[in-house]
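**Q** My structure is below; once you've seen it, I'll send some questions.
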Amino acid sequence: GGAALAEDAPGAVSQAAVVVSEKEAREKLAEVTELQARAFEYTNAMNYVKAEVIWTKLIGMNTGNAAAWSNRGNCRTSQGKFDDAIADFNEAIKLAADEPDPFLGRGVAYEGLARWDDAIRDYEKANSNAVAKYGSEDPVAFNNRGNAFAGMGKWEVALENYSKAADMNRNYVFARANETLATYQLGDYDKAVKSLKFLSRKYPKFADIHVALAAAYWRASDGERAESEWAAGIEQDPRYESIEWVRQYRRWPPRLADDLERFLTLKAGPGPGK
């Protein structure tokens with residue numbers, strides 16, 4: 001009888017262990033879910049330092065979590081830590097080479113280092129991954145390609161990419177806004193201002209559009225409208241008070257950035273259509 005009891009005991013222990021491990025797994029999943037939610041909250045509030053700390057903790061809990069590597073990379077890019085971000089995206093790509101997102105993220109980090117060709121290659125890979133995995137092209141890849149070509153000063157090619165992205169997704173406001181700013185850079189001010197007015201009505205909380213309109217109105221010597229649009233934009237995002245941020249981080253086209261700088265320094269604009 002003793003032998004039988006001895007044989008039964010491990011079975012009882014292993015069954016208890018299964019129950020405990022299931023409970024631990026549920027608790028761990030709940031903790032991961034809560035941490036991810038907090039990280040995204042910090043990201044949405046542009047508190048990238050705190051978000052990065054949480055993603056680092058999540059990576060420590062599971063180094064095979066490709067999304068955690070990719071999201072930490074995004075946080076690091078937002079802080080200007082481009083080399084560290086690229087290292088994170090490299091890890092994410094090792095774990096999920098068929099996903100578009102890590103390539104999109106690494107492309108943005110490459111842009112931060114002015115590695116335009118590398119960025120474009122990553123955006124093209126992201127798009128091909130999207131086609132292979134989801135059956136359709138990725139408008140974000142085309143918008144970001146536009147950004148890289150803009151960085152190279154190739155505004156006509158940038159405009160083509162922005163337009164394609166905006167046409168693929170009619171609600172993709174960033175692509176439509178970028179298309180409009182590229183149009184401004186290429187000298188079609190009337191078309192650009194008409195589009196900016198439309199976008200400001202459709203997306204009244206989009207600071208970039210209001211500030212762009214302020215610069216455009218200042219160019220046209222319409223100081224009253226310029227001040228009104230400036231007030232609307234700066235209330236939502238005070239970073240536009242820094243022309244260095246607008247040029248280096250938001251990377252506005254030179255003509256529009258020049259007009260904003262004239263407004264910020266209260267110099268006379270060149271006049272309508274000049």
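Residue numbers start at 1 in each chain; chains themselves are named A, B, ... in the order of the structure tokens; ligands are numbered from 1 in the order shown.
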For Asp258 (chain A), work out the shell of residues within 10 Å, counting only C-alpha atoms and skipping chain neighbours fewer than 6 positions away, then give it as a PDB file with N, CA, C and O atoms, in the first residue's frame.
**A**
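So part.pdb came out as:
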ATOM      1  N   ALA A 215       1.261  81.363 -40.264  1.00  0.00           N
ATOM      2  CA  ALA A 215       2.417  81.725 -41.088  1.00  0.00           C
ATOM      3  C   ALA A 215       1.985  82.184 -42.478  1.00  0.00           C
ATOM      4  O   ALA A 215       2.510  83.171 -43.016  1.00  0.00           O
ATOM      5  N   ARG A 219       2.420  85.885 -44.236  1.00  0.00           N
ATOM      6  CA  ARG A 219       3.004  86.100 -45.565  1.00  0.00           C
ATOM      7  C   ARG A 219       2.106  87.006 -46.404  1.00  0.00           C
ATOM      8  O   ARG A 219       2.607  87.853 -47.159  1.00  0.00           O
ATOM      9  N   ILE A 243      11.130  78.065 -33.012  1.00  0.00           N
ATOM     10  CA  ILE A 243      11.356  77.865 -34.442  1.00  0.00           C
ATOM     11  C   ILE A 243      12.376  76.748 -34.669  1.00  0.00           C
ATOM     12  O   ILE A 243      12.318  76.031 -35.683  1.00  0.00           O
ATOM     13  N   ARG A 247      11.735  73.574 -37.132  1.00  0.00           N
ATOM     14  CA  ARG A 247      12.644  73.234 -38.239  1.00  0.00           C
ATOM     15  C   ARG A 247      13.284  71.852 -38.057  1.00  0.00           C
ATOM     16  O   ARG A 247      13.345  71.055 -38.997  1.00  0.00           O
ATOM     17  N   TRP A 252       9.268  71.231 -40.712  1.00  0.00           N
ATOM     18  CA  TRP A 252       8.446  71.952 -41.677  1.00  0.00           C
ATOM     19  C   TRP A 252       9.252  72.265 -42.934  1.00  0.00           C
ATOM     20  O   TRP A 252      10.474  72.440 -42.863  1.00  0.00           O
ATOM     21  N   LEU A 264       7.039  85.110 -35.913  1.00  0.00           N
ATOM     22  CA  LEU A 264       7.492  85.030 -34.518  1.00  0.00           C
ATOM     23  C   LEU A 264       8.383  86.215 -34.153  1.00  0.00           C
ATOM     24  O   LEU A 264       8.399  86.649 -33.007  1.00  0.00           O
ATOM     25  N   GLY A 269       5.836  90.435 -43.465  1.00  0.00           N
ATOM     26  CA  GLY A 269       5.807  89.365 -44.450  1.00  0.00           C
ATOM     27  C   GLY A 269       6.106  89.938 -45.826  1.00  0.00           C
ATOM     28  O   GLY A 269       6.008  91.149 -46.048  1.00  0.00           O
TER      29      GLY A 269
END
**Q** For Ile93 (chain A), work out the shell of residues within 10 Å, counting only C-alpha atoms and skipping chain neighbours fewer than 2 positions away, then give it as a PyMOL selection string.
**A** chain A and resi 66-67+69-70+87-91+95-103+106
**Q** Per residue of region 53-130 of chain A within 10 Å of region 29-41 of chain A, record the nearest atom pair and its distance in Å to one decimal, counting only C-alpha atoms, with rows in chain order and ascending residue number, as JSON lines.
**A**
{"residue": "A:Val53", "atom": "CA", "partner": "A:Ala39", "partner_atom": "CA", "distance": 8.5}
{"residue": "A:Ile54", "atom": "CA", "partner": "A:Ala39", "partner_atom": "CA", "distance": 6.0}
{"residue": "A:Trp55", "atom": "CA", "partner": "A:Ala39", "partner_atom": "CA", "distance": 6.9}
{"residue": "A:Lys57", "atom": "CA", "partner": "A:Leu35", "partner_atom": "CA", "distance": 8.7}
{"residue": "A:Leu58", "atom": "CA", "partner": "A:Val32", "partner_atom": "CA", "distance": 7.0}
{"residue": "A:Met61", "atom": "CA", "partner": "A:Val32", "partner_atom": "CA", "distance": 8.7}
{"residue": "A:Asn62", "atom": "CA", "partner": "A:Val32", "partner_atom": "CA", "distance": 9.9}
{"residue": "A:Ala68", "atom": "CA", "partner": "A:Gln36", "partner_atom": "CA", "distance": 8.6}
{"residue": "A:Asn71", "atom": "CA", "partner": "A:Ala39", "partner_atom": "CA", "distance": 9.1}
{"residue": "A:Arg72", "atom": "CA", "partner": "A:Ala39", "partner_atom": "CA", "distance": 9.5}
{"residue": "A:Cys75", "atom": "CA", "partner": "A:Ala39", "partner_atom": "CA", "distance": 9.7}
**Q** Just the helix (DSSP H, G or I) stuff from region 26-272 of chain A, please, per backbone DSSP, written as an NGL selection string.
**A** :A and (26-44 or 48-61 or 66-78 or 82-95 or 101-112 or 116-134 or 139-151 or 155-168 or 173-185 or 189-202 or 207-219 or 223-236 or 238-241 or 243-248 or 254-264)
**Q** Of the residues A:Pro254, A:Glu241, A:Asn74, A:Gly223, which is the one nearest to Trp155 (chain A), using only C-alpha atoms?
**A** A:Pro254
**Q** Compile a residue-level contact table for region 161-216 of chain A against region 143-146 of chain A at a cut-off of 7 Å, reporting for every qualifying residue the shortest atom pair and its distance in Å to one decimal, with only C-alpha atoms counted, rows ordered by chain and ascending number, as JSON lines.
**A**
{"residue": "A:Asn161", "atom": "CA", "partner": "A:Gly146", "partner_atom": "CA", "distance": 5.0}
{"residue": "A:Tyr162", "atom": "CA", "partner": "A:Asn143", "partner_atom": "CA", "distance": 5.0}
{"residue": "A:Ala165", "atom": "CA", "partner": "A:Asn143", "partner_atom": "CA", "distance": 5.5}
{"residue": "A:Ala175", "atom": "CA", "partner": "A:Asn143", "partner_atom": "CA", "distance": 5.6}
**Q** What separation in Å, quoted to one decimal, exists between CA of Asp222 (chain A) and CA of Phe263 (chain A)?
**A**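 Going from CA of Asp222 (chain A) over to CA of Phe263 (chain A) covers 10.8 Å.
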**Q** Can you tell me, as JSON, numbers by chain, what residues are no more than 9 Å from Leu199 (chain A) when counting only C-alpha atoms, ignoring any on the same chain fewer than 3 positions away?
**A** {"A": [173, 176, 177, 194, 195, 196, 202, 203, 204, 206, 209]}
**Q** Could you work out how far CA of Ala214 (chain A) lies from CA of Arg262 (chain A), giving the answer in Å with one decimal?
**A**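 Between CA of Arg262 (chain A) and CA of Ala214 (chain A) the gap is 10.8 Å.
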